[in-house]
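Participant: I have a structure here, written as structure tokens, and I will follow up with some questions on it.
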Amino acid sequence: MKKIGFYGYPPDELILYYKKQGFSFIDLDLDYGAPDGGILPKTTCAIIKNIVYNAVFYEKDIELILATTGEDKCDNGRFAAYTLRQMGFNVVFCANTNLVQRPTPICDSNLPLVTKIDLIMKRIVEDTPVPPYQRVEKPTVGFWGVPPNDFSILELFPDDTAVYGWVRAVEAGVPSSLEMETFVNPDVKTVFFVQSFCSKGILAKVLAEKYNGLSIDLEKTATNSIISKIQAFLRLR
Amino acid sequence: MIGDIGTTWAKIIDENGDFHILQTRQILKEKWQFRRATGHLAKSLCGDYVNELEALGLGALKKVSDNDFTVIDIGSRDTKFLSFKDRKVDKLDWNQSCGASTGFTLELLMNYYEIKSEEIKITSGDFYPVTCAVFGIEKIFDSIIHDEKVETALGRFLMGIASNVYDFALKPKKIYLSGGLCDNEAFLRAMNLLTETLPLGRFVLVEGLK
């Protein structure tokens, strides 16, 4: 049976609709090593490249694509949906506009940061069990942003890192909530992360200045200077 | 033995506490090994690697007694800075991607024109906007073709580099300078036209490893 490709956080009812029909899902946001097809400009965010080139690479396995194209994703998500439709994919344009918040226990837990973000993203479409954890009352550092293309940077953070930004908004079930996306604890030193060429860079810079955090962006994989900036910020602040 | 193994130069403190500067290519060729090291090419040469921003920060804290200060290190191919408030890091950045504020381009041009730093003419407000090192070099060549003296054209280029460095460090009232450009008298003159600039020498990072 073919799979449902998706990106962002499509509405729960749509995911449930396809689940009931027996479909499994493939998250097109992730880097599976699909080759760059040269379709998009070089100055395109790595996540958007993943979406388009994963779809091309897994074309035969994909029944249709649930494309988030609203405020819950980004303009480029909408343009990627248009591009994929032009290429002949069956694309369902959708937007997750839910504003009823759920609690965010994983973001505030003592699980490793990689596990936190991986779990939150997997749980969009799967009932992935959450390992035992404890709530962190006073996090030593915050990570704000989206899941990075290169998860290795997350390993630089301690387990008591609080998660903010779009990832937190996803766990709260409100990926379009600007209020949730811009929430951080002002008492927690925070790294504001974006993919290079992502429009969320505006938020990252503005919030980093407001809360005196560290704003970083990376394109595909972490460079030595990105790693060093995070390490120095965590150890010397 | 501890060392800061940069792109072009290796700054070393031996077990007797003596300071040495050697060409990095010699270190690599002879496969030296260090107890602790930092720098672009150090990872495979040491037991304990410390990243350059941390080494710079730790070294600056040893050499500077101010509570609030900014230190900037200008290497051959990169520029990095940290600013401290109450001796804790407040801001930091590292530019590894652009030659418009690094020492290599300047060293290259001075060698090419066989000119000493004392001979370079620095004038306040008179500089090329060096948005890119290659464009900056192009402006020098263009000016010289139009009969501008080498020492004046290089001065305008150098002032442009200094202006980039000052902007990159977020325009502090005082800068502590680390790296090879501490020995470049013209660069210090250019920087001091923009802000008070105090050289810390070439061993700040390696001092941070102690």
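Chain identifiers are assigned as A, B, and so on, following the order in which chains appear in the structure tokens; residues are numbered from 1 within each chain, and ligands are numbered from 1 in order of appearance.
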Per DSSP on the backbone, filter segment 76-203 of chain B down to the residues in alpha helix (DSSP H) and report them as a PyMOL selection string.
Facilitator: chain B and resi 103-113+133-145+150-168+185-194
Participant: If we count only C-alpha atoms, which residues of chain A reach to within 10 Å of chain B? Please list them as an MDAnalysis selection string.
Facilitator: chainID A and resid 209 212:216 223:237
Participant: Please, could you write that set of residues out with N, CA and C atoms as a PDB file, in the first residue's frame?
Facilitator:
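Dumped to out_38.pdb:
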ATOM      1  N   GLU A 209      17.485  39.233  19.917  1.00  0.00           N
ATOM      2  CA  GLU A 209      17.852  40.556  20.432  1.00  0.00           C
ATOM      3  C   GLU A 209      17.001  40.914  21.647  1.00  0.00           C
ATOM      4  N   ASN A 212      18.226  38.633  24.408  1.00  0.00           N
ATOM      5  CA  ASN A 212      19.679  38.527  24.501  1.00  0.00           C
ATOM      6  C   ASN A 212      20.160  37.079  24.368  1.00  0.00           C
ATOM      7  N   GLY A 213      19.595  36.396  23.384  1.00  0.00           N
ATOM      8  CA  GLY A 213      20.001  35.018  23.122  1.00  0.00           C
ATOM      9  C   GLY A 213      20.992  34.946  21.987  1.00  0.00           C
ATOM     10  N   LEU A 214      21.225  33.738  21.513  1.00  0.00           N
ATOM     11  CA  LEU A 214      22.152  33.521  20.397  1.00  0.00           C
ATOM     12  C   LEU A 214      21.343  33.119  19.166  1.00  0.00           C
ATOM     13  N   SER A 215      21.463  33.914  18.106  1.00  0.00           N
ATOM     14  CA  SER A 215      20.747  33.602  16.866  1.00  0.00           C
ATOM     15  C   SER A 215      21.695  32.870  15.926  1.00  0.00           C
ATOM     16  N   ILE A 216      21.272  31.694  15.470  1.00  0.00           N
ATOM     17  CA  ILE A 216      22.129  30.951  14.523  1.00  0.00           C
ATOM     18  C   ILE A 216      21.283  30.430  13.370  1.00  0.00           C
ATOM     19  N   THR A 223      28.337  23.598  10.615  1.00  0.00           N
ATOM     20  CA  THR A 223      29.737  23.931  10.371  1.00  0.00           C
ATOM     21  C   THR A 223      30.460  24.021  11.717  1.00  0.00           C
ATOM     22  N   ASN A 224      31.780  24.042  11.636  1.00  0.00           N
ATOM     23  CA  ASN A 224      32.590  24.157  12.846  1.00  0.00           C
ATOM     24  C   ASN A 224      32.242  25.432  13.614  1.00  0.00           C
ATOM     25  N   SER A 225      32.014  26.521  12.878  1.00  0.00           N
ATOM     26  CA  SER A 225      31.747  27.783  13.581  1.00  0.00           C
ATOM     27  C   SER A 225      30.386  27.747  14.279  1.00  0.00           C
ATOM     28  N   ILE A 226      29.385  27.090  13.662  1.00  0.00           N
ATOM     29  CA  ILE A 226      28.069  26.978  14.306  1.00  0.00           C
ATOM     30  C   ILE A 226      28.192  26.176  15.606  1.00  0.00           C
ATOM     31  N   ILE A 227      28.883  25.054  15.514  1.00  0.00           N
ATOM     32  CA  ILE A 227      29.058  24.199  16.702  1.00  0.00           C
ATOM     33  C   ILE A 227      29.786  24.984  17.796  1.00  0.00           C
ATOM     34  N   SER A 228      30.842  25.694  17.402  1.00  0.00           N
ATOM     35  CA  SER A 228      31.638  26.428  18.388  1.00  0.00           C
ATOM     36  C   SER A 228      30.833  27.559  19.018  1.00  0.00           C
ATOM     37  N   LYS A 229      30.015  28.223  18.220  1.00  0.00           N
ATOM     38  CA  LYS A 229      29.204  29.320  18.774  1.00  0.00           C
ATOM     39  C   LYS A 229      28.245  28.781  19.835  1.00  0.00           C
ATOM     40  N   ILE A 230      27.623  27.649  19.532  1.00  0.00           N
ATOM     41  CA  ILE A 230      26.687  27.066  20.506  1.00  0.00           C
ATOM     42  C   ILE A 230      27.450  26.651  21.769  1.00  0.00           C
ATOM     43  N   GLN A 231      28.580  25.970  21.574  1.00  0.00           N
ATOM     44  CA  GLN A 231      29.358  25.509  22.744  1.00  0.00           C
ATOM     45  C   GLN A 231      29.811  26.686  23.607  1.00  0.00           C
ATOM     46  N   ALA A 232      30.311  27.726  22.948  1.00  0.00           N
ATOM     47  CA  ALA A 232      30.803  28.878  23.718  1.00  0.00           C
ATOM     48  C   ALA A 232      29.652  29.565  24.445  1.00  0.00           C
ATOM     49  N   PHE A 233      28.504  29.676  23.778  1.00  0.00           N
ATOM     50  CA  PHE A 233      27.336  30.306  24.404  1.00  0.00           C
ATOM     51  C   PHE A 233      26.885  29.501  25.617  1.00  0.00           C
ATOM     52  N   LEU A 234      26.874  28.188  25.487  1.00  0.00           N
ATOM     53  CA  LEU A 234      26.410  27.339  26.594  1.00  0.00           C
ATOM     54  C   LEU A 234      27.394  27.336  27.759  1.00  0.00           C
ATOM     55  N   ARG A 235      28.699  27.371  27.438  1.00  0.00           N
ATOM     56  CA  ARG A 235      29.694  27.208  28.510  1.00  0.00           C
ATOM     57  C   ARG A 235      30.139  28.522  29.131  1.00  0.00           C
ATOM     58  N   LEU A 236      30.164  29.587  28.344  1.00  0.00           N
ATOM     59  CA  LEU A 236      30.734  30.842  28.860  1.00  0.00           C
ATOM     60  C   LEU A 236      29.678  31.860  29.296  1.00  0.00           C
ATOM     61  N   ARG A 237      28.410  31.623  29.004  1.00  0.00           N
ATOM     62  CA  ARG A 237      27.373  32.569  29.418  1.00  0.00           C
ATOM     63  C   ARG A 237      27.055  32.316  30.880  1.00  0.00           C
TER      64      ARG A 237
END
Participant: Nearest to Val204 of chain B: which of B:Lys43, B:Lys62, B:Arg25, B:Arg36 is it, counting only C-alpha atoms?
Facilitator: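 Among B:Lys43, B:Lys62, B:Arg25, B:Arg36, it is B:Lys62 that comes nearest to Val204 of chain B.
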Participant: Looking at only C-alpha atoms, which of A:Asn96, A:Tyr7, A:Asn149, A:Lys20 is the one that sits closest to Tyr32 of chain A?
Facilitator: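 Answer, going by the shortest atom-to-atom distance: A:Asn149.
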Participant: Can you pull out every residue within 8 Å of Val170 of chain A, counting only C-alpha atoms, but drop anything in the same chain fewer than 6 positions away, and send it as number ranges by chain?
Facilitator: A: 9, 120-121
Participant: For the residues selected in the previous step, produce a file with N, CA, C and O atoms as a PDB file, in the first residue's frame.
Facilitator:
ATOM      1  N   TYR A   9       2.622  20.217   9.965  1.00  0.00           N
ATOM      2  CA  TYR A   9       1.717  19.504  10.866  1.00  0.00           C
ATOM      3  C   TYR A   9       0.301  19.668  10.310  1.00  0.00           C
ATOM      4  O   TYR A   9      -0.401  20.621  10.656  1.00  0.00           O
ATOM      5  N   ILE A 120       8.244  14.573  19.243  1.00  0.00           N
ATOM      6  CA  ILE A 120       7.161  15.525  18.940  1.00  0.00           C
ATOM      7  C   ILE A 120       6.788  15.432  17.459  1.00  0.00           C
ATOM      8  O   ILE A 120       5.609  15.424  17.105  1.00  0.00           O
ATOM      9  N   MET A 121       7.797  15.325  16.614  1.00  0.00           N
ATOM     10  CA  MET A 121       7.516  15.250  15.182  1.00  0.00           C
ATOM     11  C   MET A 121       6.875  13.913  14.804  1.00  0.00           C
ATOM     12  O   MET A 121       5.938  13.858  14.024  1.00  0.00           O
TER      13      MET A 121
END
Participant: Compile the contact shell of segment 139-142 of chain A as a PyMOL selection string: residues with an atom at most 8 Å away, counting only C-alpha atoms, same-chain residues fewer than 3 positions apart removed.
Facilitator: chain A and resi 136+157-158+160-164+184+188-191+234
Participant: Pull N, CA and C atoms from the residues just selected and write them as a PDB file, in the first residue's frame.
Facilitator:
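Generated output (selection.pdb):
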ATOM      1  N   VAL A 136      11.283  19.365  33.980  1.00  0.00           N
ATOM      2  CA  VAL A 136      12.390  20.233  34.400  1.00  0.00           C
ATOM      3  C   VAL A 136      11.794  21.564  34.855  1.00  0.00           C
ATOM      4  N   PHE A 157      23.329  20.185  23.324  1.00  0.00           N
ATOM      5  CA  PHE A 157      22.536  20.767  24.421  1.00  0.00           C
ATOM      6  C   PHE A 157      22.358  19.766  25.565  1.00  0.00           C
ATOM      7  N   PRO A 158      22.266  20.270  26.800  1.00  0.00           N
ATOM      8  CA  PRO A 158      22.008  19.357  27.932  1.00  0.00           C
ATOM      9  C   PRO A 158      20.555  18.879  27.930  1.00  0.00           C
ATOM     10  N   ASP A 160      18.379  19.127  30.176  1.00  0.00           N
ATOM     11  CA  ASP A 160      17.392  20.027  30.789  1.00  0.00           C
ATOM     12  C   ASP A 160      17.126  21.266  29.912  1.00  0.00           C
ATOM     13  N   THR A 161      17.281  21.091  28.615  1.00  0.00           N
ATOM     14  CA  THR A 161      16.984  22.171  27.670  1.00  0.00           C
ATOM     15  C   THR A 161      15.476  22.250  27.439  1.00  0.00           C
ATOM     16  N   ALA A 162      14.932  23.441  27.561  1.00  0.00           N
ATOM     17  CA  ALA A 162      13.511  23.641  27.246  1.00  0.00           C
ATOM     18  C   ALA A 162      13.369  23.920  25.749  1.00  0.00           C
ATOM     19  N   VAL A 163      12.263  23.453  25.170  1.00  0.00           N
ATOM     20  CA  VAL A 163      12.035  23.646  23.736  1.00  0.00           C
ATOM     21  C   VAL A 163      10.965  24.710  23.524  1.00  0.00           C
ATOM     22  N   TYR A 164      11.313  25.683  22.679  1.00  0.00           N
ATOM     23  CA  TYR A 164      10.371  26.759  22.342  1.00  0.00           C
ATOM     24  C   TYR A 164      10.214  26.839  20.822  1.00  0.00           C
ATOM     25  N   VAL A 184       9.010  32.471  24.915  1.00  0.00           N
ATOM     26  CA  VAL A 184      10.190  31.880  25.561  1.00  0.00           C
ATOM     27  C   VAL A 184      10.188  32.325  27.016  1.00  0.00           C
ATOM     28  N   VAL A 188      15.654  32.190  30.810  1.00  0.00           N
ATOM     29  CA  VAL A 188      16.445  31.057  30.314  1.00  0.00           C
ATOM     30  C   VAL A 188      17.264  31.499  29.100  1.00  0.00           C
ATOM     31  N   LYS A 189      18.574  31.314  29.154  1.00  0.00           N
ATOM     32  CA  LYS A 189      19.399  31.674  27.986  1.00  0.00           C
ATOM     33  C   LYS A 189      19.027  30.736  26.840  1.00  0.00           C
ATOM     34  N   THR A 190      18.775  31.332  25.687  1.00  0.00           N
ATOM     35  CA  THR A 190      18.166  30.543  24.613  1.00  0.00           C
ATOM     36  C   THR A 190      18.911  30.710  23.293  1.00  0.00           C
ATOM     37  N   VAL A 191      19.044  29.595  22.596  1.00  0.00           N
ATOM     38  CA  VAL A 191      19.598  29.604  21.239  1.00  0.00           C
ATOM     39  C   VAL A 191      18.417  29.652  20.267  1.00  0.00           C
ATOM     40  N   LEU A 234      26.874  28.188  25.487  1.00  0.00           N
ATOM     41  CA  LEU A 234      26.410  27.339  26.594  1.00  0.00           C
ATOM     42  C   LEU A 234      27.394  27.336  27.759  1.00  0.00           C
TER      43      LEU A 234
END
Participant: DSSP says strand (DSSP E or B) for which residues of chain A? Put them as an MDAnalysis selection string?
Facilitator: chainID A and resid 3:7 25:27 62:68 91:94 109 135 141:144 161:164 190:195 214:218
Participant: Between A:Leu99, A:Val206, A:Ala80, A:Cys45, which one has atoms that come closest to Ser176 of chain A, using only C-alpha atoms?
Facilitator: A:Leu99
Participant: Identify, on the basis of only C-alpha atoms, every residue whose closest approach to Ile115 of chain B does not exceed 12 Å; exclude the query and any residue fewer than 4 positions from it along the same chain; express the result as a PyMOL selection string.
Facilitator: chain B and resi 106-111+119-121+149-155+184+186
Participant: Next, write the just-selected residues to a file, as a CSV table (one decimal), in the first residue's frame, keeping all heavy atoms as the atom set.
Facilitator:
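Saved result, again-v4.csv, follows:
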chain,number,residue,atom,x,y,z
B,106,LEU,N,44.8,40.9,3.3
B,106,LEU,CA,45.8,42.0,3.6
B,106,LEU,C,47.2,41.5,3.5
B,106,LEU,O,48.1,42.2,2.8
B,106,LEU,CB,45.5,42.5,5.0
B,106,LEU,CG,46.2,43.8,5.3
B,106,LEU,CD1,45.9,45.0,4.4
B,106,LEU,CD2,45.9,44.2,6.8
B,107,GLU,N,47.5,40.4,4.1
B,107,GLU,CA,48.9,39.8,4.0
B,107,GLU,C,49.3,39.5,2.6
B,107,GLU,O,50.4,39.8,2.1
B,107,GLU,CB,48.9,38.5,4.9
B,107,GLU,CG,50.3,38.0,5.2
B,107,GLU,CD,50.3,36.9,6.2
B,107,GLU,OE1,49.3,36.7,7.0
B,107,GLU,OE2,51.2,36.1,6.1
B,108,LEU,N,48.3,39.0,1.8
B,108,LEU,CA,48.6,38.7,0.4
B,108,LEU,C,48.9,39.9,-0.4
B,108,LEU,O,49.9,39.9,-1.1
B,108,LEU,CB,47.3,38.1,-0.1
B,108,LEU,CG,47.3,37.5,-1.5
B,108,LEU,CD1,47.8,36.0,-1.5
B,108,LEU,CD2,45.9,37.5,-2.1
B,109,LEU,N,48.2,41.0,-0.1
B,109,LEU,CA,48.4,42.2,-0.9
B,109,LEU,C,49.7,42.9,-0.5
B,109,LEU,O,50.4,43.4,-1.3
B,109,LEU,CB,47.2,43.2,-0.7
B,109,LEU,CG,45.9,42.8,-1.4
B,109,LEU,CD1,44.7,43.6,-0.8
B,109,LEU,CD2,46.1,43.1,-2.9
B,110,MET,N,50.0,42.9,0.8
B,110,MET,CA,51.3,43.5,1.3
B,110,MET,C,52.5,42.7,0.7
B,110,MET,O,53.5,43.4,0.3
B,110,MET,CB,51.3,43.6,2.8
B,110,MET,CG,50.3,44.6,3.4
B,110,MET,SD,50.2,44.6,5.2
B,110,MET,CE,51.8,44.9,5.7
B,111,ASN,N,52.3,41.4,0.7
B,111,ASN,CA,53.4,40.6,0.1
B,111,ASN,C,53.6,40.9,-1.4
B,111,ASN,O,54.7,41.1,-1.9
B,111,ASN,CB,53.2,39.1,0.3
B,111,ASN,CG,53.5,38.8,1.7
B,111,ASN,OD1,54.2,39.4,2.5
B,111,ASN,ND2,52.9,37.7,2.2
B,119,GLU,N,54.3,51.9,5.9
B,119,GLU,CA,54.2,52.8,4.7
B,119,GLU,C,52.8,53.0,4.2
B,119,GLU,O,52.6,53.8,3.3
B,119,GLU,CB,55.0,52.1,3.6
B,119,GLU,CG,56.5,52.0,3.9
B,119,GLU,CD,57.2,51.0,2.9
B,119,GLU,OE1,56.6,50.1,2.3
B,119,GLU,OE2,58.4,51.1,2.8
B,120,ILE,N,51.9,52.2,4.8
B,120,ILE,CA,50.5,52.4,4.3
B,120,ILE,C,49.9,53.6,4.8
B,120,ILE,O,50.0,53.9,6.0
B,120,ILE,CB,49.7,51.1,4.7
B,120,ILE,CG1,50.2,49.9,4.0
B,120,ILE,CG2,48.2,51.3,4.4
B,120,ILE,CD1,49.6,48.6,4.5
B,121,LYS,N,49.2,54.4,4.0
B,121,LYS,CA,48.6,55.7,4.4
B,121,LYS,C,47.2,55.5,4.8
B,121,LYS,O,46.3,55.0,4.0
B,121,LYS,CB,48.7,56.7,3.2
B,121,LYS,CG,50.1,57.2,3.0
B,121,LYS,CD,50.1,58.5,2.1
B,121,LYS,CE,51.3,59.3,2.2
B,121,LYS,NZ,52.5,58.5,1.9
B,149,LYS,N,48.6,56.0,-5.7
B,149,LYS,CA,49.7,55.3,-5.1
B,149,LYS,C,49.3,54.1,-4.4
B,149,LYS,O,48.2,54.0,-3.8
B,149,LYS,CB,50.5,56.3,-4.1
B,149,LYS,CG,51.2,57.4,-4.8
B,149,LYS,CD,51.9,58.2,-3.8
B,149,LYS,CE,52.8,59.3,-4.6
B,149,LYS,NZ,53.4,60.2,-3.6
B,150,VAL,N,50.2,53.1,-4.4
B,150,VAL,CA,49.9,51.8,-3.8
B,150,VAL,C,49.6,51.9,-2.3
B,150,VAL,O,48.6,51.4,-1.8
B,150,VAL,CB,51.0,50.8,-4.0
B,150,VAL,CG1,50.8,49.5,-3.2
B,150,VAL,CG2,51.2,50.4,-5.5
B,151,GLU,N,50.4,52.7,-1.6
B,151,GLU,CA,50.2,52.9,-0.2
B,151,GLU,C,48.9,53.6,0.2
B,151,GLU,O,48.3,53.3,1.2
B,151,GLU,CB,51.4,53.6,0.5
B,151,GLU,CG,51.8,54.9,-0.2
B,151,GLU,CD,52.9,54.8,-1.2
B,151,GLU,OE1,52.9,53.8,-2.0
B,151,GLU,OE2,53.7,55.7,-1.3
B,152,THR,N,48.4,54.4,-0.7
B,152,THR,CA,47.1,55.1,-0.5
B,152,THR,C,46.0,54.1,-0.8
B,152,THR,O,45.0,54.0,0.0
B,152,THR,CB,47.0,56.3,-1.4
B,152,THR,OG1,48.1,57.1,-1.2
B,152,THR,CG2,45.7,57.1,-1.0
B,153,ALA,N,46.1,53.4,-1.9
B,153,ALA,CA,45.0,52.4,-2.2
B,153,ALA,C,44.9,51.3,-1.2
B,153,ALA,O,43.8,51.0,-0.8
B,153,ALA,CB,45.3,51.8,-3.6
B,154,LEU,N,46.1,50.8,-0.8
B,154,LEU,CA,46.0,49.8,0.3
B,154,LEU,C,45.5,50.4,1.6
B,154,LEU,O,44.8,49.7,2.3
B,154,LEU,CB,47.5,49.3,0.5
B,154,LEU,CG,47.9,48.1,-0.3
B,154,LEU,CD1,49.3,47.7,0.1
B,154,LEU,CD2,47.0,46.9,-0.1
B,155,GLY,N,45.8,51.6,1.9
B,155,GLY,CA,45.2,52.3,3.1
B,155,GLY,C,43.7,52.3,3.1
B,155,GLY,O,43.1,52.1,4.1
B,184,ASN,N,50.4,44.5,13.0
B,184,ASN,CA,50.3,45.4,11.8
B,184,ASN,C,50.0,46.8,12.2
B,184,ASN,O,48.8,47.1,12.6
B,184,ASN,CB,49.2,44.8,10.9
B,184,ASN,CG,49.1,45.5,9.5
B,184,ASN,OD1,49.1,46.7,9.5
B,184,ASN,ND2,49.2,44.8,8.4
B,186,ALA,N,49.7,49.6,10.6
B,186,ALA,CA,48.7,50.3,9.9
B,186,ALA,C,47.3,49.9,10.3
B,186,ALA,O,46.4,50.8,10.3
B,186,ALA,CB,48.9,50.1,8.4
Participant: For segment 5-15 of chain B, please output as an MDAnalysis selection string all residues within 10 Å (counting only C-alpha atoms; exclusion window: fewer than 2 positions along the same chain).
Facilitator: chainID B and resid 1:3 17:28 34:35 37:43 45 52 75:78 104 179:180 202:207 209:210
Participant: Considering only C-alpha atoms, return as JSON, numbers by chain whatever protein or nucleic-acid residues lie within 9 Å of Glu171 of chain A, sequence-local ones (same chain, fewer than 4 positions apart) excluded.
Facilitator: {"A": [101, 102, 103, 104, 105, 106, 107, 120, 121, 123, 124, 166, 167, 175]}
Participant: Can you measure atom CA of Pro112 of chain A to atom CA of Asp159 of chain A for me? One decimal in Å is fine.
Facilitator: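 Separation of atom CA of Pro112 of chain A and atom CA of Asp159 of chain A: 4.5 Å.
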